[in-house]
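Quick notes on the structure that follows.
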Protein chains: 2
Amino acid sequence: MKAGTISLEHGAGGEVMQALIGEIILKNLSSKSAGSVGLESLDDGSTVRLEAFGPNSELVLTTDSHVITPAFFPDTNIGRLAAAGTINDLTVMGAKPLALTCAVIVPEGFPLKDFEVIIKTLGDTAAEAGVPVITGDTKTVEKSALDSIILNTAGLGITDCPVRDSGLSPGNKILVTGTIGDHGISLMAHREGFDFDTDLVSDSAPLWKLIEPLLKLRTPEGKPVITAMKDPTRGGLANALNEMAAKSGVTVLLEEDRIPYKPAVTAACEMLGLDPLEVANEGKAVIGVKAGFEEEVLSILRQHPYGRDAALIGEVTSENKGEVLLRNRFGGMRYVDVPAGDPIPRVC
Amino acid sequence: MKAGTISLEHGAGGEVMQALIGEIILKNLSSKSAGSVGLESLDDGSTVRLEAFGPNSELVLTTDSHVITPAFFPDTNIGRLAAAGTINDLTVMGAKPLALTCAVIVPEGFPLKDFEVIIKTLGDTAAEAGVPVITGDTKTVEKSALDSIILNTAGLGITDCPVRDSGLSPGNKILVTGTIGDHGISLMAHREGFDFDTDLVSDSAPLWKLIEPLLKLRTPEGKPVITAMKDPTRGGLANALNEMAAKSGVTVLLEEDRIPYKPAVTAACEMLGLDPLEVANEGKAVIGVKAGFEEEVLSILRQHPYGRDAALIGEVTSENKGEVLLRNRFGGMRYVDVPAGDPIPRVC
């Protein structure tokens, strides 16, 4: 075993693993507890108290594995991606995040220092959204078996009114919370060593505090103003909107010149022949809003740092059910197809 | 892409991934729903309804990644291991399992047929314990990046009386639900091609139905009969009991000739110089029981196929706090140390 790196015994369930957990994991994850058994108990799981929840509430459960390479990318690392990704899945379901799990798989030889930075980043990101990381797991594998660290996070949330991705109706407005394509393009540029003469970085961010105020908005008839929501990760906006349109049985009509892009993203996509609509975002939500409320929603979003570039990008019609259409500035229309997959591999 | 195998696009968030999910994942996992949004919605998460739960209940959250190689081993595969492992973590916390997540990471080129068998096995194992798999995630990586399929499962359970691993008191009896070392030794034998002239197989099994009746047992004073519980996975009984003894501030005294072993396990351990107490089990629980109730508990356990070989293996004393001692048939005593780690790598 090389000093300062992960050894197989760090994940073997014995004394060495206990030391790793004590020295690095407990030190860097919030000790805030959600119930009578917390992370620091290192029991077989941890608990979340139920007393404050109403009888009509529903729990929301979600999970994601993160296989991004490299583990460190501009301006953060896989720890932020993992915590934010799971918090965002709960958020776009309209659920207040209650607790996260964190399961780590590390190849032998991985620097302990990097491991600690990743765990600390994960803990800080969860803390930013007010969510405790309450339970976890550590596994190690041989150096030859795995090329980079893998994180899995699962999230538990609660809502009394789930937001579905199937909730769009004709007339709804489509909003995004900020610029599109930053994560995927910044990752690719970093990985391939491209220099776009820019400081484009990943948008990875936990969106709960940005979205929370929107969930309380009601129409005069008492209906939720937010009709549908999704985070456009793998496969980007193209994939997210196609899913929403198909499940809702409606058409989404996007206005190309309203979609917010950073100039570096546009430039990179033109150069490399990529469609920015297919590229992953890790700190954005696409939101269906009842007509007449779009300005109120935009103004709330723009008050938060993660929503500064929020924009109205289109609307919902009933013309071609299940389709996503893009109108360019000259009035020309094209279909936005479901991508076969995200054009950038191991993006999250 | 080779026909009949996993390609990178199977995990890339687009059309190809949707097809995989539709054809293999939804077909093989129980469609039983726990709330208004189920797995079949393929939304960003799924929900669990709260109405039936009392105000003193606590939710239990747990997670485990599974990196076992090979993915198929006697008599089952990583799918059973993953579902059972998470169900057992909830079970030993005294929690009724409500829902599981399943996140899969598959290397390119992995046979689709094997993938389907694994998902089906996971679904069947969860169904055996009455637990729906409600949400999941699929990621693919290059063939060179990962040597075998990885599953992560998280589990949500509920209890009004968590069972801790720190609950042992002097006088308690220590029980195990069956033979020790089967999983680790059968895996090692299979992996190394050893032939012990036996049909030793993994004990991987979901223990909820075995343990559920014990959780209701109360002393005449109304106290739970089960004082502490743990599943002796990585690092085996040695690791589990040392954790329980240390956290409870007591000594565990084991009687060597009462610990149930299959003859093949004893033979293999003697031949290879392994301590069967340090070897992983995947379908066993070690249980602290209030004195006077051990026969009742044993008789309940032995009525279930997974508890047929249940045995009383020791008791709790207050002599050397935090230690585990083993008395052999001649009265000689030795310490059972915390293993540095499980002697068999990638055992779960």
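By order of appearance in the structure tokens: chains A, B, ..., then residues from 1 within every chain, and ligands from 1 in the order shown.
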
Fill in: Distance query stretch 167-179 of chain A at most 7 Å, only C-alpha atoms, self and fewer than 6 positions along chain excluded, as a list in words
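Near neighbours after the sequence-gap exclusion: Thr227, Ala228, Ser248, Val250, Pro260, Tyr261, Lys262, Lys284, Ala285, Val286, Ile287, Gly288, Val289, Lys290, Ala291, Glu294, Leu301, Gly307, Arg308, Asp309, Ala310, Ala311, Leu312, Ile313, Gly314, Glu315, Val316, Thr317 and Ser318 of chain A.
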
Mind dumping the selected residues with C-alpha atoms as a short mmCIF file (atom, residue, chain, number, x, y, z; two decimals), in the first residue's frame?
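Output file again-v9.cif is given in full below:
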data_model
loop_
_atom_site.label_atom_id
_atom_site.label_comp_id
_atom_site.auth_asym_id
_atom_site.auth_seq_id
_atom_site.Cartn_x
_atom_site.Cartn_y
_atom_site.Cartn_z
CA THR A 227 -47.24 22.31 -13.65
CA ALA A 228 -44.17 20.21 -14.44
CA SER A 248 -47.93 15.01 -21.01
CA VAL A 250 -48.55 17.87 -25.69
CA PRO A 260 -29.77 31.40 -22.80
CA TYR A 261 -26.26 30.19 -23.76
CA LYS A 262 -22.87 31.34 -22.64
CA LYS A 284 -30.59 23.84 -14.10
CA ALA A 285 -34.31 23.09 -14.07
CA VAL A 286 -36.81 23.31 -16.90
CA ILE A 287 -40.19 24.38 -15.60
CA GLY A 288 -43.75 24.35 -16.92
CA VAL A 289 -45.68 27.38 -15.63
CA LYS A 290 -49.37 28.31 -15.94
CA ALA A 291 -49.81 31.15 -18.44
CA GLU A 294 -44.32 33.44 -16.03
CA LEU A 301 -35.91 32.88 -9.91
CA GLY A 307 -31.49 31.73 -11.31
CA ARG A 308 -29.92 35.01 -12.49
CA ASP A 309 -30.14 33.98 -16.16
CA ALA A 310 -33.59 32.41 -15.95
CA ALA A 311 -35.55 32.80 -19.17
CA LEU A 312 -38.88 32.10 -20.82
CA ILE A 313 -37.93 29.83 -23.73
CA GLY A 314 -41.18 28.56 -25.16
CA GLU A 315 -44.70 27.37 -24.66
CA VAL A 316 -46.89 24.31 -24.75
CA THR A 317 -49.33 23.69 -27.61
CA SER A 318 -51.52 20.79 -28.58
#

Would you give me, as JSON lines, each residue of chain B having an atom within 7 Å of an atom of chain A, along with its shortest atom pair and that distance in Å to one decimal, using only C-alpha atoms and sorting by chain and residue number?
{"residue": "B:Glu9", "atom": "CA", "partner": "A:Gly341", "partner_atom": "CA", "distance": 5.5}
{"residue": "B:Ala12", "atom": "CA", "partner": "A:Gly341", "partner_atom": "CA", "distance": 4.5}
{"residue": "B:Gly13", "atom": "CA", "partner": "A:Arg234", "partner_atom": "CA", "distance": 4.9}
{"residue": "B:Gly14", "atom": "CA", "partner": "A:Gly341", "partner_atom": "CA", "distance": 4.0}
{"residue": "B:Glu15", "atom": "CA", "partner": "A:Ala340", "partner_atom": "CA", "distance": 4.7}
{"residue": "B:Val16", "atom": "CA", "partner": "A:Ala340", "partner_atom": "CA", "distance": 5.7}
{"residue": "B:Asp43", "atom": "CA", "partner": "A:Asp165", "partner_atom": "CA", "distance": 6.4}
{"residue": "B:Asp44", "atom": "CA", "partner": "A:Asp89", "partner_atom": "CA", "distance": 5.2}
{"residue": "B:Gly45", "atom": "CA", "partner": "A:Thr62", "partner_atom": "CA", "distance": 4.4}
{"residue": "B:Ser46", "atom": "CA", "partner": "A:Val60", "partner_atom": "CA", "distance": 5.5}
{"residue": "B:Thr47", "atom": "CA", "partner": "A:Val60", "partner_atom": "CA", "distance": 4.2}
{"residue": "B:Val48", "atom": "CA", "partner": "A:Leu59", "partner_atom": "CA", "distance": 4.8}
{"residue": "B:Arg49", "atom": "CA", "partner": "A:Glu58", "partner_atom": "CA", "distance": 4.7}
{"residue": "B:Leu50", "atom": "CA", "partner": "A:Glu58", "partner_atom": "CA", "distance": 5.5}
{"residue": "B:Glu51", "atom": "CA", "partner": "A:Pro55", "partner_atom": "CA", "distance": 4.9}
{"residue": "B:Pro55", "atom": "CA", "partner": "A:Glu51", "partner_atom": "CA", "distance": 4.9}
{"residue": "B:Asn56", "atom": "CA", "partner": "A:Glu51", "partner_atom": "CA", "distance": 6.3}
{"residue": "B:Ser57", "atom": "CA", "partner": "A:Leu50", "partner_atom": "CA", "distance": 6.0}
{"residue": "B:Glu58", "atom": "CA", "partner": "A:Arg49", "partner_atom": "CA", "distance": 4.7}
{"residue": "B:Leu59", "atom": "CA", "partner": "A:Val48", "partner_atom": "CA", "distance": 4.9}
{"residue": "B:Val60", "atom": "CA", "partner": "A:Thr47", "partner_atom": "CA", "distance": 4.2}
{"residue": "B:Leu61", "atom": "CA", "partner": "A:Ser46", "partner_atom": "CA", "distance": 5.4}
{"residue": "B:Thr62", "atom": "CA", "partner": "A:Gly45", "partner_atom": "CA", "distance": 4.3}
{"residue": "B:Thr63", "atom": "CA", "partner": "A:Gly136", "partner_atom": "CA", "distance": 5.9}
{"residue": "B:Asp64", "atom": "CA", "partner": "A:Asp137", "partner_atom": "CA", "distance": 5.5}
{"residue": "B:Ser65", "atom": "CA", "partner": "A:Ala103", "partner_atom": "CA", "distance": 6.4}
{"residue": "B:Asp89", "atom": "CA", "partner": "A:Asp44", "partner_atom": "CA", "distance": 5.2}
{"residue": "B:Leu90", "atom": "CA", "partner": "A:Gly45", "partner_atom": "CA", "distance": 6.9}
{"residue": "B:Met93", "atom": "CA", "partner": "A:Asp44", "partner_atom": "CA", "distance": 6.6}
{"residue": "B:Thr101", "atom": "CA", "partner": "A:Thr63", "partner_atom": "CA", "distance": 6.6}
{"residue": "B:Ala103", "atom": "CA", "partner": "A:Ser65", "partner_atom": "CA", "distance": 6.4}
{"residue": "B:Thr135", "atom": "CA", "partner": "A:Thr62", "partner_atom": "CA", "distance": 6.0}
{"residue": "B:Gly136", "atom": "CA", "partner": "A:Thr63", "partner_atom": "CA", "distance": 5.9}
{"residue": "B:Asp137", "atom": "CA", "partner": "A:Asp64", "partner_atom": "CA", "distance": 5.5}
{"residue": "B:Val141", "atom": "CA", "partner": "A:Arg346", "partner_atom": "CA", "distance": 6.9}
{"residue": "B:Ala145", "atom": "CA", "partner": "A:Asp147", "partner_atom": "CA", "distance": 5.0}
{"residue": "B:Leu146", "atom": "CA", "partner": "A:Leu146", "partner_atom": "CA", "distance": 4.5}
{"residue": "B:Asp147", "atom": "CA", "partner": "A:Ala145", "partner_atom": "CA", "distance": 5.0}
{"residue": "B:Ala154", "atom": "CA", "partner": "A:Ala154", "partner_atom": "CA", "distance": 6.5}
{"residue": "B:Arg164", "atom": "CA", "partner": "A:Asp43", "partner_atom": "CA", "distance": 7.0}
{"residue": "B:Asp165", "atom": "CA", "partner": "A:Asp43", "partner_atom": "CA", "distance": 6.4}
{"residue": "B:Arg234", "atom": "CA", "partner": "A:Gly13", "partner_atom": "CA", "distance": 4.9}
{"residue": "B:Gly235", "atom": "CA", "partner": "A:Gly13", "partner_atom": "CA", "distance": 5.5}
{"residue": "B:Asn239", "atom": "CA", "partner": "A:Gly14", "partner_atom": "CA", "distance": 6.4}
{"residue": "B:Val338", "atom": "CA", "partner": "A:Glu15", "partner_atom": "CA", "distance": 6.2}
{"residue": "B:Pro339", "atom": "CA", "partner": "A:Gly14", "partner_atom": "CA", "distance": 5.3}
{"residue": "B:Ala340", "atom": "CA", "partner": "A:Glu15", "partner_atom": "CA", "distance": 4.7}
{"residue": "B:Gly341", "atom": "CA", "partner": "A:Gly14", "partner_atom": "CA", "distance": 4.0}
{"residue": "B:Asp342", "atom": "CA", "partner": "A:Ala12", "partner_atom": "CA", "distance": 5.3}
{"residue": "B:Arg346", "atom": "CA", "partner": "A:Val141", "partner_atom": "CA", "distance": 6.9}

Same residues, C-alpha atoms, output as a PDB file, in the first residue's frame:
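As written to disk, again-v8.pdb reads:
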ATOM      1  CA  GLU B   9     -25.578   4.511 -25.138  1.00  0.00           C
ATOM      2  CA  ALA B  12     -26.413   7.815 -21.858  1.00  0.00           C
ATOM      3  CA  GLY B  13     -29.818   9.182 -20.944  1.00  0.00           C
ATOM      4  CA  GLY B  14     -31.437   9.010 -24.381  1.00  0.00           C
ATOM      5  CA  GLU B  15     -33.543   6.813 -26.609  1.00  0.00           C
ATOM      6  CA  VAL B  16     -31.342   3.720 -26.306  1.00  0.00           C
ATOM      7  CA  ASP B  43     -39.950  10.347 -13.286  1.00  0.00           C
ATOM      8  CA  ASP B  44     -37.012  11.824 -11.344  1.00  0.00           C
ATOM      9  CA  GLY B  45     -37.945   9.756  -8.298  1.00  0.00           C
ATOM     10  CA  SER B  46     -40.859   7.769  -6.916  1.00  0.00           C
ATOM     11  CA  THR B  47     -43.099   8.291  -3.932  1.00  0.00           C
ATOM     12  CA  VAL B  48     -44.103   6.386  -0.789  1.00  0.00           C
ATOM     13  CA  ARG B  49     -47.436   7.197   0.845  1.00  0.00           C
ATOM     14  CA  LEU B  50     -47.318   8.195   4.506  1.00  0.00           C
ATOM     15  CA  GLU B  51     -50.929   7.833   5.641  1.00  0.00           C
ATOM     16  CA  PRO B  55     -46.592   9.835  14.561  1.00  0.00           C
ATOM     17  CA  ASN B  56     -43.917   8.057  16.611  1.00  0.00           C
ATOM     18  CA  SER B  57     -42.577   6.161  13.653  1.00  0.00           C
ATOM     19  CA  GLU B  58     -39.141   6.813  12.291  1.00  0.00           C
ATOM     20  CA  LEU B  59     -38.021   6.225   8.745  1.00  0.00           C
ATOM     21  CA  VAL B  60     -34.812   4.278   8.255  1.00  0.00           C
ATOM     22  CA  LEU B  61     -32.519   4.945   5.311  1.00  0.00           C
ATOM     23  CA  THR B  62     -29.620   2.718   4.321  1.00  0.00           C
ATOM     24  CA  THR B  63     -27.408   2.109   1.293  1.00  0.00           C
ATOM     25  CA  ASP B  64     -24.849  -0.365  -0.021  1.00  0.00           C
ATOM     26  CA  SER B  65     -22.813  -0.712  -3.186  1.00  0.00           C
ATOM     27  CA  ASP B  89     -29.720  -3.617   6.829  1.00  0.00           C
ATOM     28  CA  LEU B  90     -33.281  -2.332   7.349  1.00  0.00           C
ATOM     29  CA  MET B  93     -32.511  -1.924  12.444  1.00  0.00           C
ATOM     30  CA  THR B 101     -33.796   1.879  -5.169  1.00  0.00           C
ATOM     31  CA  ALA B 103     -28.682   1.974  -9.475  1.00  0.00           C
ATOM     32  CA  THR B 135     -36.701   4.013  -8.559  1.00  0.00           C
ATOM     33  CA  GLY B 136     -33.325   3.558 -10.179  1.00  0.00           C
ATOM     34  CA  ASP B 137     -30.532   4.740 -12.420  1.00  0.00           C
ATOM     35  CA  VAL B 141     -18.790   3.032 -18.763  1.00  0.00           C
ATOM     36  CA  ALA B 145     -12.908   1.468 -17.094  1.00  0.00           C
ATOM     37  CA  LEU B 146     -14.630  -1.227 -15.013  1.00  0.00           C
ATOM     38  CA  ASP B 147     -14.201  -4.997 -14.800  1.00  0.00           C
ATOM     39  CA  ALA B 154     -30.685   2.125  -1.055  1.00  0.00           C
ATOM     40  CA  ARG B 164     -29.523  -0.580  17.592  1.00  0.00           C
ATOM     41  CA  ASP B 165     -26.233  -2.420  17.376  1.00  0.00           C
ATOM     42  CA  ARG B 234     -17.778  -7.896   5.549  1.00  0.00           C
ATOM     43  CA  GLY B 235     -15.408  -8.930   8.337  1.00  0.00           C
ATOM     44  CA  ASN B 239     -16.379  -7.591  13.031  1.00  0.00           C
ATOM     45  CA  VAL B 338     -11.474  -6.788  15.000  1.00  0.00           C
ATOM     46  CA  PRO B 339     -10.216  -8.007  11.618  1.00  0.00           C
ATOM     47  CA  ALA B 340      -8.157  -5.466   9.639  1.00  0.00           C
ATOM     48  CA  GLY B 341     -10.657  -6.264   6.873  1.00  0.00           C
ATOM     49  CA  ASP B 342     -12.496  -9.202   5.354  1.00  0.00           C
ATOM     50  CA  ARG B 346     -14.708  -8.071  -3.246  1.00  0.00           C
TER      51      ARG B 346
END

Item to complete: Tell me which of A:Ser33, A:Ser202, A:Ser186, A:Thr121 sits closest to A:Glu282, counting only C-alpha atoms.
Response: A:Ser202

Response to the item:
Here atom CA of B:Phe72 and atom CA of B:Ile118 stand apart by 8.6 Å

Worksheet entry | In stretch 24-200 of chain B, DSSP strand (DSSP E) residues written as a PyMOL selection string | chain B and resi 46-49+58-66+72-73+76-77+96-107+133-141+150-159+173-176

Worksheet item: Residues at most 8 Å from stretch 211-215 of chain A, counting only C-alpha atoms, excluding those fewer than 5 positions away in the same chain, as a PyMOL selection string?
Response: chain A and resi 91+94+96+224-226+297+300-301

Filtering to N, CA, C and O atoms, could you give me those residues as an mmCIF file, in the first residue's frame?
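Produced file result-v5.cif, reproduced below:
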data_model
loop_
_atom_site.group_PDB
_atom_site.id
_atom_site.type_symbol
_atom_site.label_atom_id
_atom_site.label_comp_id
_atom_site.auth_asym_id
_atom_site.auth_seq_id
_atom_site.Cartn_x
_atom_site.Cartn_y
_atom_site.Cartn_z
ATOM 1 N N THR A 91 -35.936 17.960 -5.781
ATOM 2 C CA THR A 91 -36.455 19.312 -5.991
ATOM 3 C C THR A 91 -37.436 19.361 -7.158
ATOM 4 O O THR A 91 -38.521 19.938 -7.041
ATOM 5 N N GLY A 94 -40.789 18.390 -6.619
ATOM 6 C CA GLY A 94 -41.510 19.240 -5.678
ATOM 7 C C GLY A 94 -41.323 18.832 -4.229
ATOM 8 O O GLY A 94 -42.104 19.215 -3.360
ATOM 9 N N LYS A 96 -39.219 18.545 -0.607
ATOM 10 C CA LYS A 96 -38.190 19.085 0.275
ATOM 11 C C LYS A 96 -37.206 17.959 0.601
ATOM 12 O O LYS A 96 -37.620 16.909 1.116
ATOM 13 N N PRO A 224 -51.642 24.651 -8.343
ATOM 14 C CA PRO A 224 -50.211 24.983 -8.384
ATOM 15 C C PRO A 224 -49.864 25.720 -9.683
ATOM 16 O O PRO A 224 -50.357 25.365 -10.759
ATOM 17 N N VAL A 225 -49.035 26.743 -9.556
ATOM 18 C CA VAL A 225 -48.577 27.509 -10.716
ATOM 19 C C VAL A 225 -47.557 26.699 -11.524
ATOM 20 O O VAL A 225 -47.511 26.762 -12.745
ATOM 21 N N ILE A 226 -46.743 25.919 -10.810
ATOM 22 C CA ILE A 226 -45.746 25.056 -11.464
ATOM 23 C C ILE A 226 -46.456 23.766 -11.871
ATOM 24 O O ILE A 226 -46.958 23.031 -11.018
ATOM 25 N N VAL A 297 -42.789 34.148 -11.796
ATOM 26 C CA VAL A 297 -41.836 33.057 -11.564
ATOM 27 C C VAL A 297 -40.426 33.496 -11.948
ATOM 28 O O VAL A 297 -39.460 33.293 -11.195
ATOM 29 N N ILE A 300 -38.956 35.766 -9.313
ATOM 30 C CA ILE A 300 -38.500 35.020 -8.120
ATOM 31 C C ILE A 300 -37.171 34.310 -8.426
ATOM 32 O O ILE A 300 -36.218 34.387 -7.645
ATOM 33 N N LEU A 301 -37.125 33.634 -9.563
ATOM 34 C CA LEU A 301 -35.907 32.882 -9.912
ATOM 35 C C LEU A 301 -34.693 33.809 -9.986
ATOM 36 O O LEU A 301 -33.606 33.479 -9.502
#

Fill in: Distance in Å - atom CA of A:Thr5 versus atom CA of B:Asn281
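That distance, rounded to one decimal, is 28.3 Å.
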
Fill in: Gap from atom CA of B:Glu255 to atom CA of B:Arg327 - Å, one decimal
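Computing the Euclidean distance for atom CA of B:Glu255 and atom CA of B:Arg327 yields 5.1 Å.
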
Discussion item. I'd like the neighbourhood of stretch 24-26 of chain B as a list in words, where a residue qualifies if any of its atoms comes within 7 Å (using only C-alpha atoms), though same-chain residues fewer than 4 positions away should be ignored.
Written reply: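 Result of the neighbour search: Leu20, Glu40, Glu116 and Ile119 of chain B.
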
I need the chosen residues saved as a compact mmCIF listing (two decimals), in the first residue's frame, with N, CA, C and O atoms.
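Saved to part34.txt:
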# COMPACT_ATOMS: atom_id res chain seq x y z
N LEU B 20 -33.80 0.17 -23.13
CA LEU B 20 -33.27 -0.80 -22.16
C LEU B 20 -34.15 -0.85 -20.92
O LEU B 20 -34.50 -1.92 -20.41
N GLU B 40 -42.76 2.82 -12.92
CA GLU B 40 -43.20 2.83 -14.32
C GLU B 40 -43.36 4.25 -14.85
O GLU B 40 -43.37 4.46 -16.06
N GLU B 116 -30.19 -8.93 -17.78
CA GLU B 116 -31.61 -9.19 -17.50
C GLU B 116 -31.77 -10.19 -16.35
O GLU B 116 -32.63 -10.02 -15.48
N ILE B 119 -31.21 -8.30 -13.08
CA ILE B 119 -32.33 -7.42 -12.71
C ILE B 119 -33.53 -8.26 -12.24
O ILE B 119 -34.18 -7.95 -11.24

Discussion item. Please return, as a ChimeraX atom specification, all residues of stretch 186-275 of chain B that DSSP assigns to helix (DSSP H, G or I) on the basis of the backbone.
Written reply: /B:186-192,208-215,236-248,256-258,263-272
